[in-house]
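Asker: Have a peek at coords_7.tsv (TSV, C-alpha atoms).
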chain	number	residue	atom	x	y	z
A	1267	MET	CA	86.33	2.12	-50.20
A	1268	ASP	CA	82.86	0.67	-50.76
A	1269	ASP	CA	84.45	-2.46	-52.23
A	1270	ILE	CA	86.54	-2.90	-49.07
A	1271	ASP	CA	83.47	-2.45	-46.82
A	1272	GLU	CA	81.48	-4.93	-48.92
A	1273	SER	CA	84.31	-7.47	-48.72
A	1274	GLY	CA	84.49	-7.04	-44.95
A	1275	ASP	CA	80.73	-7.53	-44.62
A	1276	LYS	CA	80.91	-10.74	-46.64
A	1277	LYS	CA	83.68	-12.08	-44.40
A	1278	LYS	CA	81.63	-11.27	-41.30
A	1279	ALA	CA	78.56	-12.94	-42.78
A	1280	SER	CA	80.61	-16.00	-43.70
A	1281	SER	CA	82.06	-16.20	-40.16
A	1282	ALA	CA	78.58	-15.84	-38.67
A	1283	ASN	CA	77.28	-18.68	-40.87
A	1284	ILE	CA	80.14	-20.91	-39.77
A	1285	LEU	CA	79.46	-20.16	-36.10
A	1286	ARG	CA	75.72	-20.79	-36.59
A	1287	THR	CA	76.44	-24.13	-38.27
A	1288	VAL	CA	78.74	-25.17	-35.42
A	1289	PHE	CA	76.24	-24.02	-32.78
A	1290	GLU	CA	73.36	-25.86	-34.45
A	1291	TRP	CA	75.40	-29.06	-34.69
A	1292	PHE	CA	76.18	-29.04	-30.98
A	1293	ALA	CA	72.58	-28.12	-30.12
A	1294	LEU	CA	71.08	-30.93	-32.24
A	1295	HIS	CA	73.71	-33.66	-32.32
A	1296	PHE	CA	75.77	-33.45	-29.12
A	1297	GLU	CA	74.45	-34.48	-25.72
A	1298	VAL	CA	76.23	-34.84	-22.39
A	1299	ILE	CA	74.54	-37.19	-19.91
A	1300	TYR	CA	75.55	-36.29	-16.38
A	1301	PRO	CA	75.13	-38.57	-13.34
A	1302	GLU	CA	72.28	-36.33	-12.19
A	1303	GLN	CA	70.17	-34.83	-14.96
A	1304	PRO	CA	66.68	-34.14	-13.58
A	1305	ILE	CA	64.82	-32.69	-16.60
A	1306	SER	CA	65.23	-33.30	-20.30
A	1307	ASP	CA	63.12	-32.73	-23.40
A	1308	THR	CA	62.35	-36.05	-25.06
A	1309	ALA	CA	59.55	-37.77	-26.92
A	1310	LEU	CA	60.89	-41.27	-26.29
A	1311	LEU	CA	58.48	-42.00	-23.43
A	1312	ASP	CA	55.36	-40.56	-25.05
A	1313	ASP	CA	53.59	-43.67	-26.29
A	1314	SER	CA	53.07	-47.34	-25.45
A	1315	ALA	CA	55.51	-48.48	-28.15
A	1316	SER	CA	58.34	-46.41	-26.61
A	1317	LEU	CA	57.49	-47.65	-23.11
A	1318	LYS	CA	57.62	-51.24	-24.38
A	1319	GLU	CA	61.08	-50.63	-25.86
A	1320	TYR	CA	62.30	-49.25	-22.53
A	1321	ALA	CA	60.76	-52.18	-20.66
A	1322	ASP	CA	62.27	-54.72	-23.07
A	1323	PHE	CA	65.76	-53.31	-22.58
A	1324	LEU	CA	65.36	-53.18	-18.80
A	1325	HIS	CA	64.24	-56.81	-18.85
A	1326	GLN	CA	67.17	-57.85	-21.07
A	1327	PHE	CA	69.56	-56.29	-18.58
A	1328	GLY	CA	68.18	-58.48	-15.80
A	1329	THR	CA	66.30	-55.89	-13.73
A	1330	GLY	CA	63.21	-58.08	-13.28
A	1331	ILE	CA	61.02	-55.43	-14.96
A	1332	VAL	CA	58.53	-56.87	-17.47
A	1333	GLY	CA	56.61	-53.71	-18.37
A	1334	ILE	CA	56.11	-49.99	-17.80
A	1335	GLU	CA	52.80	-48.19	-17.44
A	1336	LYS	CA	51.84	-44.52	-17.14
A	1337	GLU	CA	49.45	-43.16	-14.55
A	1338	GLU	CA	48.12	-39.61	-14.80
A	1339	VAL	CA	48.87	-37.45	-11.75
A	1340	SER	CA	48.30	-33.87	-10.68
A	1341	GLU	CA	50.66	-30.98	-11.32
A	1342	ASP	CA	50.99	-30.55	-7.54
A	1343	LYS	CA	52.28	-34.12	-7.11
A	1344	VAL	CA	55.00	-33.51	-9.66
A	1345	LYS	CA	56.09	-30.13	-8.34
A	1346	SER	CA	56.05	-31.29	-4.71
A	1347	SER	CA	58.42	-34.12	-5.66
A	1348	ILE	CA	61.17	-31.94	-7.15
A	1349	SER	CA	63.48	-29.24	-5.83
A	1350	ILE	CA	62.87	-25.50	-6.03
A	1351	VAL	CA	65.58	-25.23	-8.68
A	1352	ASP	CA	64.00	-27.99	-10.77
A	1353	ARG	CA	60.55	-26.39	-10.40
A	1354	ALA	CA	61.96	-23.13	-11.78
A	1355	SER	CA	63.61	-25.04	-14.65
A	1356	LEU	CA	60.33	-26.82	-15.40
A	1357	GLU	CA	58.38	-23.54	-15.45
A	1358	PHE	CA	60.93	-22.05	-17.83
A	1359	ARG	CA	60.65	-25.01	-20.22
A	1360	LEU	CA	56.85	-24.94	-20.10
A	1361	ASN	CA	56.80	-21.21	-20.88
A	1362	MET	CA	59.25	-21.68	-23.74
A	1363	ALA	CA	57.11	-24.50	-25.16
A	1364	ARG	CA	53.98	-22.32	-24.93
A	1365	THR	CA	55.77	-19.47	-26.69
A	1366	ASN	CA	57.01	-21.76	-29.46
A	1367	ILE	CA	53.49	-23.12	-29.96
A	1368	LEU	CA	52.01	-19.60	-30.15
A	1369	LEU	CA	54.66	-18.54	-32.67
A	1370	ASN	CA	54.12	-21.81	-34.57
A	1371	ARG	CA	57.73	-22.87	-34.04
A	1372	GLU	CA	56.65	-26.08	-32.33
A	1373	LYS	CA	55.28	-28.33	-35.07
A	1374	ARG	CA	54.19	-31.12	-32.76
A	1375	GLU	CA	53.33	-31.79	-29.13
A	1376	TRP	CA	56.06	-30.94	-26.63
A	1377	SER	CA	57.13	-33.48	-24.03
A	1378	ALA	CA	59.71	-33.82	-21.28
A	1379	VAL	CA	60.89	-36.27	-18.62
A	1380	ILE	CA	61.65	-35.51	-14.97
A	1381	ARG	CA	63.90	-38.03	-13.27
A	1382	ASN	CA	64.69	-38.32	-9.60
A	1383	ARG	CA	65.40	-41.22	-7.30
A	1384	THR	CA	61.79	-41.30	-6.10
A	1385	ASN	CA	59.82	-41.05	-9.33
A	1386	ILE	CA	60.03	-40.74	-13.10
A	1387	PHE	CA	57.48	-38.25	-14.44
A	1388	THR	CA	56.59	-37.47	-18.05
A	1389	ILE	CA	54.96	-34.23	-19.16
A	1390	LYS	CA	53.05	-33.64	-22.38
A	1391	MET	CA	51.82	-30.35	-23.82
A	1392	ASP	CA	49.51	-30.48	-26.83
A	1393	ARG	CA	49.06	-27.87	-29.56
A	1394	SER	CA	46.42	-26.08	-27.44
A	1395	SER	CA	49.01	-25.67	-24.63
A	1396	SER	CA	47.11	-28.09	-22.39
A	1397	VAL	CA	49.52	-29.93	-20.08
A	1398	LYS	CA	49.21	-33.43	-18.62
A	1399	TYR	CA	51.47	-35.09	-16.08
A	1400	TYR	CA	52.18	-38.81	-15.65
A	1401	VAL	CA	54.19	-40.99	-13.30
A	1402	LEU	CA	55.85	-44.16	-14.60
A	1403	LYS	CA	55.21	-47.47	-12.84
A	1404	PHE	CA	57.54	-50.43	-13.32
A	1405	ILE	CA	55.89	-53.85	-13.55
A	1406	HIS	CA	57.35	-56.98	-11.93
A	1407	GLN	CA	55.80	-60.41	-12.21
A	1408	TYR	CA	55.69	-62.90	-9.35
A	1409	GLY	CA	54.07	-66.08	-10.60
A	1410	ASP	CA	50.67	-65.08	-11.95
A	1411	GLU	CA	50.68	-61.75	-10.10
A	1412	LYS	CA	51.95	-58.46	-11.56
A	1413	VAL	CA	52.96	-55.66	-9.20
A	1414	ALA	CA	53.64	-52.02	-10.16
A	1415	TYR	CA	56.38	-50.10	-8.35
A	1416	GLU	CA	57.50	-46.49	-8.56
A	1417	MET	CA	61.22	-45.81	-9.13
A	1418	LEU	CA	61.88	-45.47	-5.38
A	1419	ARG	CA	61.44	-49.26	-5.03
A	1420	GLU	CA	63.94	-50.06	-7.78
A	1421	SER	CA	67.70	-50.45	-7.27
A	1422	ASP	CA	70.26	-47.70	-7.85
A	1423	GLY	CA	71.58	-49.71	-10.80
A	1424	THR	CA	68.13	-49.84	-12.43
A	1425	TYR	CA	67.70	-46.09	-11.93
A	1426	ARG	CA	71.08	-45.39	-13.51
A	1427	LEU	CA	70.38	-47.75	-16.41
A	1428	PHE	CA	67.04	-46.03	-17.03
A	1429	GLN	CA	68.90	-42.70	-17.27
A	1430	LEU	CA	71.11	-44.10	-20.02
A	1431	LEU	CA	68.59	-45.99	-22.17
A	1432	GLU	CA	67.97	-43.06	-24.50
A	1433	VAL	CA	71.48	-43.71	-25.85
A	1434	LEU	CA	70.35	-47.16	-27.01
A	1435	LEU	CA	66.94	-46.11	-28.29
A	1436	THR	CA	67.61	-42.89	-30.20
A	1437	ALA	CA	67.48	-42.99	-33.97
A	1438	LYS	CA	69.00	-39.52	-34.29
A	1439	ASN	CA	72.43	-38.62	-35.62
A	1440	LYS	CA	74.11	-37.92	-32.26
A	1441	VAL	CA	77.27	-37.99	-30.21
A	1442	PHE	CA	76.59	-38.95	-26.58
A	1443	VAL	CA	79.02	-38.21	-23.77
A	1444	ILE	CA	78.37	-40.11	-20.53
A	1445	ASP	CA	80.14	-38.94	-17.41
A	1446	GLU	CA	81.00	-41.90	-15.13
A	1447	ILE	CA	79.11	-44.56	-17.08
A	1448	SER	CA	79.78	-47.20	-14.42
A	1449	ARG	CA	78.32	-45.13	-11.58
A	1450	CYS	CA	75.94	-47.33	-9.53
A	1451	MET	CA	76.10	-50.10	-12.14
A	1452	HIS	CA	77.67	-53.54	-11.75
A	1453	PRO	CA	80.81	-53.91	-13.94
A	1454	LEU	CA	79.18	-56.68	-15.99
A	1455	LEU	CA	76.14	-54.47	-16.60
A	1456	THR	CA	78.39	-51.64	-17.77
A	1457	ILE	CA	80.17	-53.99	-20.17
A	1458	LYS	CA	76.85	-55.32	-21.50
A	1459	PHE	CA	75.59	-51.77	-22.01
A	1460	VAL	CA	78.63	-50.82	-24.12
A	1461	GLU	CA	78.39	-54.09	-26.09
A	1462	THR	CA	74.70	-53.42	-26.80
A	1463	PHE	CA	75.44	-49.87	-27.89
A	1464	LEU	CA	78.15	-50.99	-30.32
A	1465	ARG	CA	75.84	-53.64	-31.80
A	1466	LEU	CA	73.06	-51.08	-32.38
A	1467	ALA	CA	75.48	-48.38	-33.55
A	1468	ALA	CA	76.43	-50.53	-36.54
A	1469	GLU	CA	73.05	-49.56	-38.04
A	1470	ARG	CA	72.90	-45.95	-36.80
A	1471	THR	CA	74.90	-42.75	-37.01
A	1472	VAL	CA	75.74	-42.48	-33.33
A	1473	GLN	CA	78.90	-42.25	-31.28
A	1474	LEU	CA	79.54	-42.80	-27.58
A	1475	VAL	CA	82.23	-41.15	-25.46
A	1476	VAL	CA	82.44	-42.16	-21.80
A	1477	THR	CA	84.50	-41.47	-18.71
A	1478	THR	CA	84.95	-44.29	-16.22
A	1479	HIS	CA	87.17	-45.72	-13.50
A	1480	GLU	CA	86.10	-49.25	-14.55
A	1481	THR	CA	89.37	-50.63	-15.96
A	1482	ARG	CA	87.72	-53.92	-16.93
A	1483	LEU	CA	86.23	-52.16	-19.95
A	1484	MET	CA	89.75	-51.85	-21.34
A	1485	LYS	CA	90.25	-55.60	-21.36
A	1486	HIS	CA	87.42	-56.39	-23.75
A	1487	GLU	CA	87.99	-57.07	-27.40
A	1488	PHE	CA	85.13	-54.83	-28.53
A	1489	LEU	CA	87.33	-51.76	-27.86
A	1490	ARG	CA	90.43	-51.02	-29.93
A	1491	ARG	CA	93.45	-49.83	-27.96
A	1492	ASP	CA	93.46	-46.48	-29.77
A	1493	GLU	CA	89.84	-45.91	-28.63
A	1494	VAL	CA	90.91	-45.96	-24.97
A	1495	TRP	CA	92.47	-42.83	-23.51
A	1496	LEU	CA	94.08	-42.69	-20.08
A	1497	CYS	CA	94.08	-39.58	-17.91
A	1498	GLU	CA	96.76	-39.39	-15.22
A	1499	ASN	CA	97.39	-36.81	-12.53
A	1500	ASP	CA	100.95	-35.53	-12.76
A	1501	GLY	CA	101.54	-33.10	-9.90
A	1502	GLY	CA	98.13	-31.47	-10.31
A	1503	ILE	CA	98.29	-31.53	-14.12
A	1504	SER	CA	96.13	-33.96	-16.11
A	1505	ARG	CA	97.99	-35.75	-18.89
A	1506	ASP	CA	96.21	-37.79	-21.58
A	1507	SER	CA	97.57	-40.66	-23.63
A	1508	THR	CA	96.11	-43.56	-25.61
A	1509	ALA	CA	96.31	-47.09	-24.27
A	1510	SER	CA	98.15	-48.11	-27.45
A	1511	THR	CA	100.80	-45.43	-26.80
A	1512	LYS	CA	101.19	-46.67	-23.23
A	1513	ASN	CA	101.83	-50.20	-24.51
A	1514	ARG	CA	104.52	-48.96	-26.93
A	1515	CYS	CA	106.21	-46.92	-24.22
A	1516	ALA	CA	106.22	-49.91	-21.88
What is this file in structure tokens?
Answerer:
Amino acid sequence: MDDIDESGDKKKASSANILRTVFEWFALHFEVIYPEQPISDTALLDDSASLKEYADFLHQFGTGIVGIEKEEVSEDKVKSSISIVDRASLEFRLNMARTNILLNREKREWSAVIRNRTNIFTIKMDRSSSVKYYVLKFIHQYGDEKVAYEMLRESDGTYRLFQLLEVLLTAKNKVFVIDEISRCMHPLLTIKFVETFLRLAAERTVQLVVTTHETRLMKHEFLRRDEVWLCENDGGISRDSTASTKNRCA
């Protein structure tokens, strides 16, 4: 009887390990980027080198931005610029970061980004739990003059592109899923974004899955036909098929 119980315990432990491995993979390597995603934990905007990378990409995509700078602001300015729900989410993340630092789970400084159509804020908590808040300013150059604007003054396309740039900049082993990649972006900008991702992905362990209504993406040679899936509404039921299967059926 003891042998049976021991065997059952081993099976349970093995199942638990499998579930933990799966959970950890999704937690560390799988990220869904929604059209509206106000707060996210990231260290990509912490330093001047990261800001330069962001600015370089924004410039390459023809936004007119030549640089990004950070300006320290008060906690009140940040919290007054976001919704009640986002304030609660921010407080939860700050408390979790403090707890992790106290328990020595957080090995480095914690940072996050708050995005909304008006402003992009970054938050940084050091190992002493001291918190600083910054607003990002986007630099445009007119002749010899440089002018700094907050995100409110930028176009919807620039705002959307800024939301997606982490996909191009990350060096982590990740699968990104972007819902409605072409939302607010010109079709040519969407195509250039995917082309840039594929060029960078050749040297990284990253994958991109997107949903879109932009059919012009299907016409470009950088996508194989079996990489394109079509979703059709059939009497209230969604049916999926690959573009290559569609061509054979036709």
Asker: Which of these, A:Glu1297, A:Glu1498, A:Glu1290, A:Asp1506, has the shortest distance to Phe1442 in chain A once you count all atoms listed in the file?
Answerer: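 Ranking A:Glu1297, A:Glu1498, A:Glu1290, A:Asp1506 by distance to Phe1442 in chain A, first place goes to A:Glu1297.
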Asker: Find the residues around range 1408-1414 of chain A up to 10 Å (all atoms listed in the file counted), leave out those fewer than 6 positions away in its own chain, and share them as an MDAnalysis selection string.
Answerer: chainID A and resid 1330:1335 1402
Asker: Please report the interatomic distance between CA of Ala1354 in chain A and CA of Ile1380 in chain A in Å with one decimal.
Answerer: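 Taking CA of Ala1354 in chain A and CA of Ile1380 in chain A, their separation equals 12.8 Å.
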Asker: Tell me which of A:Val1288, A:Asn1385, A:Leu1466, A:Glu1480 sits closest to Leu1418 in chain A, counting all atoms listed in the file.
Answerer: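 With all atoms listed in the file as the atom set, the closest residue is A:Asn1385.
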Asker: Please return the centre and edge lengths, in Å to one decimal, of a box with edges along x, y and z that contains all listed atoms of range 1397-1400 of chain A, widened by 3 Å on every side, as lines of an AutoDock Vina configuration file.
Answerer:
center_x = 50.7
center_y = -34.4
center_z = -17.9
size_x = 9.0
size_y = 14.9
size_z = 10.4
Asker: May I have the protein, DNA and RNA residues with an atom at most 10 Å from (75.4, -40.7, -33.9), counting all atoms listed in the file in the file's coordinates, returned as a compact mmCIF listing (two decimals) with C-alpha atoms, in the frame of the given file?
Answerer:
# COMPACT_ATOMS: atom_id res chain seq x y z
CA HIS A 1295 73.71 -33.66 -32.32
CA PHE A 1296 75.77 -33.45 -29.12
CA VAL A 1433 71.48 -43.71 -25.85
CA THR A 1436 67.61 -42.89 -30.20
CA ALA A 1437 67.48 -42.99 -33.97
CA LYS A 1438 69.00 -39.52 -34.29
CA ASN A 1439 72.43 -38.62 -35.62
CA LYS A 1440 74.11 -37.92 -32.26
CA VAL A 1441 77.27 -37.99 -30.21
CA PHE A 1442 76.59 -38.95 -26.58
CA ALA A 1467 75.48 -48.38 -33.55
CA ARG A 1470 72.90 -45.95 -36.80
CA THR A 1471 74.90 -42.75 -37.01
CA VAL A 1472 75.74 -42.48 -33.33
CA GLN A 1473 78.90 -42.25 -31.28
CA LEU A 1474 79.54 -42.80 -27.58
Asker: With distances taken over all atoms listed in the file, which of A:Leu1435, A:Leu1294, A:Phe1428, A:Leu1489 is nearest to Val1460 in chain A?
Answerer: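 Looking only at the distances to Val1460 in chain A, the closest residue turns out to be A:Leu1489.
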Asker: When you draw a straight line from CA of Asp1312 in chain A to CA of Ala1378 in chain A, how long is it in Å?
Answerer: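 A separation of 8.9 Å between them.
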Asker: Could you state the separation of CA of Arg1505 in chain A and CA of Tyr1300 in chain A in Å, given to one decimal place?
Answerer: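 Calculated distance between CA of Arg1505 in chain A and CA of Tyr1300 in chain A is 22.6 Å.
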Asker: Need to verify the contact set: Pro1453 in chain A, 12 Å, all atoms listed in the file, exclusion of same-chain residues closer than 3 positions in sequence. Can you return it as an NGL selection string?
Answerer: :A and (1423 or 1447-1450 or 1456-1460 or 1478-1484)
Asker: Contacts of Asp1342 in chain A at 10 Å or less, counting only C-alpha atoms, minus same-chain residues fewer than 4 places along, as a list in words?
Answerer: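 The residues satisfying every condition are Ser1346, Ser1347 and Tyr1399 of chain A.
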Asker: Taking into account only C-alpha atoms, which residue in the set A:Cys1497, A:Leu1427, A:Ala1293, A:Val1476 is nearest to Met1451 in chain A?
Answerer: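 Looking only at the distances to Met1451 in chain A, the closest residue turns out to be A:Leu1427.
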Asker: Kindly indicate which residue among A:Arg1419, A:Arg1381, A:Lys1403, A:Arg1393 lies nearest to Ser1349 in chain A, using only C-alpha atoms for the distances.
Answerer: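 Going through A:Arg1419, A:Arg1381, A:Lys1403, A:Arg1393 one by one, the smallest distance to Ser1349 in chain A is for A:Arg1381.
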Asker: Pick the closest to Val1339 in chain A from A:Val1401, A:Leu1324, A:Ile1503, A:Val1494: which is it, counting all atoms listed in the file?
Answerer: A:Val1401
Asker: Kindly extract all protein, DNA and RNA residues lying within 7 Å of the coordinates (56.2, -40.4, -16.0) given in the file, considering all atoms listed in the file, and supply them as number ranges by chain.
Answerer: A: 1336, 1379, 1386-1388, 1400-1402
Asker: What would range 1421-1432 of chain A look like with all heavy atoms in place, written as an mmCIF file, in the coordinates of the input?
Answerer:
data_model
loop_
_atom_site.group_PDB
_atom_site.id
_atom_site.type_symbol
_atom_site.label_atom_id
_atom_site.label_comp_id
_atom_site.auth_asym_id
_atom_site.auth_seq_id
_atom_site.Cartn_x
_atom_site.Cartn_y
_atom_site.Cartn_z
ATOM 1 N N SER A 1421 66.319 -50.587 -7.735
ATOM 2 C CA SER A 1421 67.700 -50.450 -7.270
ATOM 3 C C SER A 1421 68.371 -49.230 -7.887
ATOM 4 O O SER A 1421 67.903 -48.677 -8.894
ATOM 5 C CB SER A 1421 68.497 -51.701 -7.648
ATOM 6 O OG SER A 1421 68.686 -51.765 -9.055
ATOM 7 N N ASP A 1422 69.492 -48.809 -7.292
ATOM 8 C CA ASP A 1422 70.260 -47.700 -7.850
ATOM 9 C C ASP A 1422 70.751 -48.027 -9.256
ATOM 10 O O ASP A 1422 70.806 -47.151 -10.127
ATOM 11 C CB ASP A 1422 71.469 -47.387 -6.951
ATOM 12 C CG ASP A 1422 71.070 -46.745 -5.637
ATOM 13 O OD1 ASP A 1422 69.944 -46.209 -5.550
ATOM 14 O OD2 ASP A 1422 71.877 -46.776 -4.683
ATOM 15 N N GLY A 1423 71.120 -49.295 -9.476
ATOM 16 C CA GLY A 1423 71.580 -49.710 -10.800
ATOM 17 C C GLY A 1423 70.500 -49.589 -11.855
ATOM 18 O O GLY A 1423 70.758 -49.159 -12.982
ATOM 19 N N THR A 1424 69.257 -49.960 -11.495
ATOM 20 C CA THR A 1424 68.130 -49.840 -12.430
ATOM 21 C C THR A 1424 67.859 -48.369 -12.744
ATOM 22 O O THR A 1424 67.609 -48.004 -13.900
ATOM 23 C CB THR A 1424 66.870 -50.489 -11.840
ATOM 24 O OG1 THR A 1424 67.108 -51.887 -11.660
ATOM 25 C CG2 THR A 1424 65.668 -50.305 -12.751
ATOM 26 N N TYR A 1425 67.916 -47.527 -11.721
ATOM 27 C CA TYR A 1425 67.700 -46.090 -11.930
ATOM 28 C C TYR A 1425 68.746 -45.513 -12.870
ATOM 29 O O TYR A 1425 68.433 -44.768 -13.804
ATOM 30 C CB TYR A 1425 67.730 -45.371 -10.586
ATOM 31 C CG TYR A 1425 67.640 -43.867 -10.685
ATOM 32 C CD1 TYR A 1425 66.547 -43.263 -11.294
ATOM 33 C CD2 TYR A 1425 68.641 -43.049 -10.166
ATOM 34 C CE1 TYR A 1425 66.456 -41.882 -11.380
ATOM 35 C CE2 TYR A 1425 68.560 -41.676 -10.252
ATOM 36 C CZ TYR A 1425 67.467 -41.091 -10.861
ATOM 37 O OH TYR A 1425 67.381 -39.726 -10.954
ATOM 38 N N ARG A 1426 70.009 -45.889 -12.651
ATOM 39 C CA ARG A 1426 71.080 -45.390 -13.510
ATOM 40 C C ARG A 1426 70.923 -45.908 -14.938
ATOM 41 O O ARG A 1426 71.095 -45.155 -15.900
ATOM 42 C CB ARG A 1426 72.436 -45.825 -12.937
ATOM 43 C CG ARG A 1426 73.643 -45.436 -13.771
ATOM 44 C CD ARG A 1426 73.760 -43.952 -13.928
ATOM 45 N NE ARG A 1426 75.013 -43.570 -14.542
ATOM 46 C CZ ARG A 1426 75.204 -42.436 -15.198
ATOM 47 N NH1 ARG A 1426 74.218 -41.577 -15.316
ATOM 48 N NH2 ARG A 1426 76.385 -42.150 -15.721
ATOM 49 N N LEU A 1427 70.579 -47.172 -15.084
ATOM 50 C CA LEU A 1427 70.380 -47.750 -16.410
ATOM 51 C C LEU A 1427 69.250 -47.039 -17.138
ATOM 52 O O LEU A 1427 69.358 -46.735 -18.342
ATOM 53 C CB LEU A 1427 70.070 -49.244 -16.290
ATOM 54 C CG LEU A 1427 69.817 -50.003 -17.588
ATOM 55 C CD1 LEU A 1427 71.027 -49.935 -18.516
ATOM 56 C CD2 LEU A 1427 69.468 -51.461 -17.284
ATOM 57 N N PHE A 1428 68.168 -46.737 -16.420
ATOM 58 C CA PHE A 1428 67.040 -46.030 -17.030
ATOM 59 C C PHE A 1428 67.489 -44.669 -17.556
ATOM 60 O O PHE A 1428 67.050 -44.237 -18.628
ATOM 61 C CB PHE A 1428 65.918 -45.849 -16.003
ATOM 62 C CG PHE A 1428 64.673 -45.240 -16.574
ATOM 63 C CD1 PHE A 1428 63.694 -46.037 -17.139
ATOM 64 C CD2 PHE A 1428 64.493 -43.863 -16.564
ATOM 65 C CE1 PHE A 1428 62.551 -45.474 -17.685
ATOM 66 C CE2 PHE A 1428 63.355 -43.288 -17.109
ATOM 67 C CZ PHE A 1428 62.378 -44.100 -17.673
ATOM 68 N N GLN A 1429 68.385 -43.994 -16.827
ATOM 69 C CA GLN A 1429 68.900 -42.700 -17.270
ATOM 70 C C GLN A 1429 69.624 -42.799 -18.608
ATOM 71 O O GLN A 1429 69.628 -41.851 -19.395
ATOM 72 C CB GLN A 1429 69.865 -42.126 -16.229
ATOM 73 C CG GLN A 1429 69.222 -41.665 -14.932
ATOM 74 C CD GLN A 1429 70.276 -41.164 -13.960
ATOM 75 O OE1 GLN A 1429 71.280 -41.830 -13.711
ATOM 76 N NE2 GLN A 1429 70.067 -39.979 -13.431
ATOM 77 N N LEU A 1430 70.247 -43.949 -18.859
ATOM 78 C CA LEU A 1430 71.110 -44.100 -20.020
ATOM 79 C C LEU A 1430 70.420 -44.706 -21.243
ATOM 80 O O LEU A 1430 71.000 -44.720 -22.337
ATOM 81 C CB LEU A 1430 72.325 -44.973 -19.662
ATOM 82 C CG LEU A 1430 73.189 -44.500 -18.492
ATOM 83 C CD1 LEU A 1430 74.334 -45.482 -18.266
ATOM 84 C CD2 LEU A 1430 73.732 -43.096 -18.745
ATOM 85 N N LEU A 1431 69.211 -45.216 -21.080
ATOM 86 C CA LEU A 1431 68.590 -45.990 -22.170
ATOM 87 C C LEU A 1431 68.329 -45.181 -23.428
ATOM 88 O O LEU A 1431 68.271 -45.750 -24.530
ATOM 89 C CB LEU A 1431 67.286 -46.620 -21.682
ATOM 90 C CG LEU A 1431 67.432 -47.894 -20.839
ATOM 91 C CD1 LEU A 1431 66.062 -48.456 -20.497
ATOM 92 C CD2 LEU A 1431 68.260 -48.941 -21.572
ATOM 93 N N GLU A 1432 68.189 -43.872 -23.307
ATOM 94 C CA GLU A 1432 67.970 -43.060 -24.500
ATOM 95 C C GLU A 1432 69.111 -43.237 -25.504
ATOM 96 O O GLU A 1432 68.916 -43.170 -26.712
ATOM 97 C CB GLU A 1432 67.836 -41.580 -24.133
ATOM 98 C CG GLU A 1432 67.527 -40.693 -25.328
ATOM 99 C CD GLU A 1432 67.327 -39.241 -24.949
ATOM 100 O OE1 GLU A 1432 67.227 -38.940 -23.748
ATOM 101 O OE2 GLU A 1432 67.288 -38.406 -25.861
#
